Structure formats: C-alpha cells, structure tokens
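Novice: For reference, the structure I am asking about is given below.
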Amino acid sequence: MKLSVLVNEGPYQHQASDSALQFTRAALEKGHEIFRVFFYHDGVNNGTRFTVPPQDDRNLQESWTTLQAEHELDLVVCIAAAQRRGILDENEAERQGKDGNNIAPGFRISGLGQLVEAGIESERLVVFGD
Amino acid sequence: MSEIKKFMYVNRRAPYGTIYALESLEVVLISAAFDQDVSLAFLDDGVYQIMKNTKTDDIGMKNFSPVYNALGDYDITKLYIEQESLDERGLTLDDLMDIKYEDEDDDWAEKPSIKVVSRKEMADVMDQQDVLMSF
Amino acid sequence: MTMLHTVNKSPFEKSSFEACLNHANTGSSILMIEDGVYGAMKGSAFSEKVAAANGVALYILGPDMQARGISEDRLIDGVKVVDYAGFVDLVTEHDKVQAWL
C-alpha cells in the first residue's frame, strides 16, 4: 500500500519524530511504499544538519537521512514553516540573503501543495504530532 | 489524480497561543487549488478560532480572522462546528463570525458556511472522510 | 468505511483522549501510542470511560507501554498489544486514520 506520513513536531522535544521514524521503518520492512514524509510546524526542525545530540542516544536527523538514502524516500520540509523557523537550503539562503544554510542531506524544501498531494496520491496518511 | 477525495481539516486548538490554527489554515488555502471535497471541523478549543471581534494589535501578532471570511472565495464552504464544544465553553452562534459563501448554483446567493452539528453528527461526518489532517 | 483513531497523549494531560472516545463510532478502532498508553491502565479515574467504549476495538503500542513500565497485567481487559509492524497493519486494515493530538 502507498502510505504518507506527516510529522508536526521537532526532534527530541516531542516523541512525534521518533514514532514517525519507527512507523516508517516498519512500513518499509513490510514492503509498503512510503510516498512522502512531510515535515510541518516545528517538524521542519528535523531537517537541520547542525544537531549534535549526545553520543549515547539516538541521532534523529541522521536516522532520517540514512533511511532516506536506503529507500530513496521523499522527505519534504514545508517552505513556509521552514522560513519561519530558519531552516534553509542553499537556494533559499541565497534568495533570502542569509549567510548560511542548514538543511540536512536527504531532506528537500518545498511547498504545502506537496502535503495535499500526499493526501491525494496515498492510500493512507498518518499524522504524528503533539 | 482522477478520483475526488473528501479532505477534512480538524481544528481542536485555540488561536494565537500556538501556531497550529494559523498554519493549518495555510494548508486549507493551498488545498483549494487541488479541487478536492474540502471541509473543516471545529471542535474542543478549535471553536475559539472563529470567535468574532478579535483584535491582535496589542499582542503584536497578525490577525488571521479575515482569512476565515475569505474561505468562501476559495470554494471552501463547509465549516462544521460542534455544538457540545460551544456549550462547554459558554459560546453561542452569536459569538462566532458570520462566515458566508456565494452559491454559484443558486444565482450567487449568500449562504452560511457554518454548520453547527452535534457531537454524534460530527463523528459521522468524520467517518465519511477519506483523509483527515490534525495539527 | 472504518476509522483507526490514534491517541498519543495521557488522558490526564489533555482532553484529546476523551474527545477521541466521544467521536469513535462503533466498528472503529483506537490505537494508543506514546503517552496515550496511560489511558489503557486499569484502576485509574479514566479506566471506566475507556472500558465503556462500545464496539470500539482497543489497541496499545507495546514499545511505548514497555518504555513507561506498564505491564500487560495492568491493562484494561480487551486491550490488545501490537508492535510497530502491528501499527502498520492497523493502518492498512482500516480505511483511514485520524490522529487525536
């Protein structure tokens, strides 16, 4: 089955990103297709490459990046929510005149239309939030 | 993308204290471009989102109440408000914005977008949806 | 059409769990995840409300239960434990999912 996931909260502050990651992994292991994982609200903060979590605990961003690479997942960070919270890729940084960018590998920044499209194209949409 | 899906945006939180109300509205507006069967549900603290006479100057935030009034222009005409949620909060229809749309199938007659439903009716409407988004 | 409701907050922190119970029609299922698993414990001020959910199948995510030190013998009768694979199955077996956050 074709599934999509919506992540509404940032890493560590809430369990949402962890739950979404575990769910996504389990779905892939069962042979389902993950059409898209969309990060909204503070969920966009999952897409920064500058986190340095403690060594003895999980690294959420790296986990998402690795899963994306293994399965060619489409991890989308909402541009409007990202702009509010300071998550930028190279293009956005240039466009907005910022002196750096922070998007993590495997994530791409795009519009809210991608979330609606995920709802249309997928057979199920599962939401993780607070 | 042939079949039209029923999309419901579920609003259960008050405005301004958190960003969920505003950012969920942004999804609603974008979805207008996709020609799906869109409706909004307001229950629990979500009913506070459409109270009238809001003035946000002194909290320094942009007032997004006008956006609800514009939903009709985007062909979003079904706003389900839960009666029990209103009752619990001591609110009546009079406290809410008079959100309308123009019915192109009825000579552009102005009609209310708000439909007050019971908790049971809300549960049934939710059961009819294809996609439900919570924020 | 069948609905899978997910609840992720403790019924004592927020009214979301109660709201879910109030909107879960017969034939639907509720899966408790994250802090929502506390709602499955018997002997709490909330237990009776959960037990009274007529015609609603109740599930709890095992990993979240274990993380919080809840043993199976403390669960309300009839609550079934599933793992993440079971979570995925519940999603595909129902027609749609609604998250009560």
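Naming works like this for the structure tokens: A, B, ... for the chains as they're shown, residue 1 at the start of each chain, ligands 1 onward in shown order.
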Using only C-alpha atoms, determine which residues lie at most 9 Å from Lys78 in chain B, disregarding the query and same-chain residues fewer than 4 positions distant; provide the list as a list in words.

Specialist: Val38, Ser39, Leu40, Ala41, Gly72, Pro112, Ser113, Ile114 and Lys115 of chain B

Novice: Export N, CA and C atoms of the chosen residues as a short mmCIF file (atom, residue, chain, number, x, y, z; two decimals), in the first residue's frame?

Specialist:
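In the end it all went to selection18.cif:
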data_model
loop_
_atom_site.label_atom_id
_atom_site.label_comp_id
_atom_site.auth_asym_id
_atom_site.auth_seq_id
_atom_site.Cartn_x
_atom_site.Cartn_y
_atom_site.Cartn_z
N VAL B 38 -13.32 19.60 0.24
CA VAL B 38 -12.71 20.04 1.49
C VAL B 38 -13.73 20.50 2.52
N SER B 39 -13.53 20.08 3.77
CA SER B 39 -14.34 20.64 4.84
C SER B 39 -13.45 20.84 6.06
N LEU B 40 -13.90 21.71 6.96
CA LEU B 40 -13.16 22.00 8.18
C LEU B 40 -14.04 21.59 9.37
N ALA B 41 -13.42 21.01 10.38
CA ALA B 41 -14.15 20.67 11.60
C ALA B 41 -13.57 21.52 12.73
N GLY B 72 -14.76 31.22 1.57
CA GLY B 72 -15.80 31.06 0.55
C GLY B 72 -15.29 31.36 -0.85
N PRO B 112 -24.68 30.62 4.59
CA PRO B 112 -23.71 30.43 5.69
C PRO B 112 -22.83 29.20 5.43
N SER B 113 -21.54 29.36 5.68
CA SER B 113 -20.62 28.23 5.54
C SER B 113 -20.62 27.39 6.81
N ILE B 114 -21.02 28.04 7.90
CA ILE B 114 -21.01 27.35 9.20
C ILE B 114 -22.20 26.42 9.35
N LYS B 115 -21.89 25.18 9.72
CA LYS B 115 -22.95 24.22 10.01
C LYS B 115 -22.71 23.71 11.43
#

Novice: For chain C against chain B, which residues fall within 8 Å using only C-alpha atoms, given as a PyMOL selection string?

Specialist: chain C and resi 1-3+19+22-25+95-101

Novice: Quick one: residues within 12 Å of range 83-91 of chain C, only C-alpha atoms counted, chain neighbours fewer than 5 positions away excluded, as a ChimeraX atom specification?

Specialist: /A:1-5,18-34,123-127 /C:2-6,28-34,57-66,96-99

Novice: Can you pull out the residues contacting Asn69 in chain B? Cut-off 10 Å, using only C-alpha atoms, and skip same-chain residues under 3 positions away; I want them as a tab-separated table (two decimals) with C-alpha atoms, in the first residue's frame.

Specialist:
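That gives us result.tsv:
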chain	number	residue	atom	x	y	z
B	50	ILE	CA	-13.83	31.68	14.78
B	64	PHE	CA	-5.79	36.00	10.75
B	65	SER	CA	-9.55	36.07	11.40
B	66	PRO	CA	-10.18	37.68	7.99
B	72	GLY	CA	-15.80	31.06	0.55
B	73	ASP	CA	-13.82	32.72	-2.25
B	97	MET	CA	-18.01	35.11	12.82
B	98	ASP	CA	-20.74	35.09	10.21
B	99	ILE	CA	-18.80	33.19	7.57
B	100	LYS	CA	-20.55	33.02	4.23
B	101	TYR	CA	-20.05	31.90	0.66
B	113	SER	CA	-20.62	28.23	5.54

Novice: Within 12 Å of chain A, which residues of chain B show up when using only C-alpha atoms, listed as a ChimeraX atom specification?

Specialist: /B:1-10,12-13,18-38,129-135

Novice: Please produce a file of those selected residues containing N, CA and C atoms, as a short mmCIF file (atom, residue, chain, number, x, y, z; two decimals), in the first residue's frame.

Specialist:
data_model
loop_
_atom_site.label_atom_id
_atom_site.label_comp_id
_atom_site.auth_asym_id
_atom_site.auth_seq_id
_atom_site.Cartn_x
_atom_site.Cartn_y
_atom_site.Cartn_z
N MET B 1 -4.72 11.03 -10.44
CA MET B 1 -5.44 12.02 -9.62
C MET B 1 -6.85 12.19 -10.15
N SER B 2 -7.54 11.05 -10.46
CA SER B 2 -8.85 11.16 -11.09
C SER B 2 -9.97 11.29 -10.07
N GLU B 3 -9.86 10.51 -8.99
CA GLU B 3 -10.97 10.50 -8.05
C GLU B 3 -10.85 11.66 -7.05
N ILE B 4 -12.00 12.26 -6.74
CA ILE B 4 -12.00 13.37 -5.77
C ILE B 4 -12.12 12.79 -4.37
N LYS B 5 -11.23 13.24 -3.48
CA LYS B 5 -11.26 12.73 -2.11
C LYS B 5 -11.90 13.74 -1.17
N LYS B 6 -12.47 13.21 -0.10
CA LYS B 6 -13.02 14.07 0.94
C LYS B 6 -11.92 14.34 1.96
N PHE B 7 -11.50 15.62 2.02
CA PHE B 7 -10.45 16.04 2.95
C PHE B 7 -11.08 16.78 4.11
N MET B 8 -10.75 16.37 5.34
CA MET B 8 -11.24 17.14 6.47
C MET B 8 -10.07 17.66 7.29
N TYR B 9 -10.06 18.93 7.56
CA TYR B 9 -9.04 19.55 8.40
C TYR B 9 -9.65 19.74 9.79
N VAL B 10 -9.08 19.04 10.76
CA VAL B 10 -9.64 19.02 12.10
C VAL B 10 -8.96 20.06 12.99
N ARG B 12 -8.76 21.67 16.68
CA ARG B 12 -9.15 21.47 18.07
C ARG B 12 -8.42 22.40 19.02
N ARG B 13 -7.67 23.36 18.46
CA ARG B 13 -6.91 24.25 19.35
C ARG B 13 -7.28 25.71 19.17
N THR B 18 -0.84 29.05 20.25
CA THR B 18 0.08 28.21 19.49
C THR B 18 -0.17 28.51 18.01
N ILE B 19 0.71 28.00 17.15
CA ILE B 19 0.66 28.34 15.73
C ILE B 19 -0.23 27.39 14.93
N TYR B 20 -0.72 26.35 15.57
CA TYR B 20 -1.44 25.31 14.83
C TYR B 20 -2.64 25.85 14.04
N ALA B 21 -3.41 26.75 14.65
CA ALA B 21 -4.59 27.28 13.96
C ALA B 21 -4.19 28.00 12.67
N LEU B 22 -3.20 28.87 12.76
CA LEU B 22 -2.75 29.63 11.60
C LEU B 22 -2.16 28.72 10.53
N GLU B 23 -1.24 27.86 10.93
CA GLU B 23 -0.57 27.04 9.92
C GLU B 23 -1.51 26.01 9.31
N SER B 24 -2.53 25.57 10.04
CA SER B 24 -3.47 24.62 9.44
C SER B 24 -4.33 25.34 8.41
N LEU B 25 -4.62 26.62 8.69
CA LEU B 25 -5.38 27.42 7.73
C LEU B 25 -4.60 27.56 6.43
N GLU B 26 -3.29 27.65 6.53
CA GLU B 26 -2.45 27.78 5.35
C GLU B 26 -2.55 26.52 4.48
N VAL B 27 -2.67 25.36 5.12
CA VAL B 27 -2.85 24.12 4.35
C VAL B 27 -4.21 24.15 3.66
N VAL B 28 -5.22 24.59 4.40
CA VAL B 28 -6.58 24.65 3.86
C VAL B 28 -6.60 25.48 2.58
N LEU B 29 -5.96 26.65 2.62
CA LEU B 29 -5.96 27.53 1.45
C LEU B 29 -5.27 26.88 0.26
N ILE B 30 -4.15 26.24 0.52
CA ILE B 30 -3.42 25.58 -0.56
C ILE B 30 -4.26 24.46 -1.18
N SER B 31 -5.02 23.78 -0.33
CA SER B 31 -5.78 22.63 -0.83
C SER B 31 -6.88 23.06 -1.78
N ALA B 32 -7.26 24.34 -1.73
CA ALA B 32 -8.30 24.83 -2.63
C ALA B 32 -7.90 24.65 -4.09
N ALA B 33 -6.60 24.69 -4.34
CA ALA B 33 -6.11 24.57 -5.71
C ALA B 33 -6.20 23.15 -6.26
N PHE B 34 -6.52 22.20 -5.38
CA PHE B 34 -6.48 20.81 -5.81
C PHE B 34 -7.84 20.20 -6.12
N ASP B 35 -8.89 21.03 -6.08
CA ASP B 35 -10.22 20.55 -6.45
C ASP B 35 -10.71 19.31 -5.73
N GLN B 36 -10.41 19.23 -4.42
CA GLN B 36 -10.92 18.10 -3.67
C GLN B 36 -12.14 18.56 -2.87
N ASP B 37 -12.81 17.63 -2.20
CA ASP B 37 -14.00 17.96 -1.43
C ASP B 37 -13.55 18.31 -0.01
N VAL B 38 -13.32 19.60 0.24
CA VAL B 38 -12.71 20.04 1.49
C VAL B 38 -13.73 20.50 2.52
N GLN B 129 -15.11 10.83 5.74
CA GLN B 129 -13.95 11.44 5.06
C GLN B 129 -12.98 10.39 4.53
N ASP B 130 -12.17 10.79 3.57
CA ASP B 130 -11.11 9.91 3.05
C ASP B 130 -9.79 10.22 3.73
N VAL B 131 -9.54 11.51 3.94
CA VAL B 131 -8.28 11.96 4.52
C VAL B 131 -8.58 12.94 5.64
N LEU B 132 -8.02 12.71 6.82
CA LEU B 132 -8.22 13.64 7.93
C LEU B 132 -6.87 14.15 8.40
N MET B 133 -6.76 15.47 8.46
CA MET B 133 -5.49 16.03 8.93
C MET B 133 -5.70 16.75 10.25
N SER B 134 -4.86 16.42 11.22
CA SER B 134 -4.89 17.07 12.53
C SER B 134 -3.59 17.83 12.70
N PHE B 135 -3.68 18.94 13.41
CA PHE B 135 -2.47 19.77 13.56
C PHE B 135 -2.15 20.03 15.02
#

Novice: Write down as a list in words the residues belonging to range 71-109 of chain A that are assigned strand (DSSP E) by DSSP computed on the backbone.

Specialist: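 DSSP-assigned strand (DSSP E) residues in range 71-109 of chain A: Leu75, Val76, Val77, Cys78, Phe107, Arg108 and Ile109 of chain A.
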
Novice: Just want the 9 Å neighbourhood of Gln61 in chain A, counted on only C-alpha atoms, with same-chain residues fewer than 5 positions away dropped. Output as a PyMOL selection string.

Specialist: chain A and resi 11+46-49+51+66+104
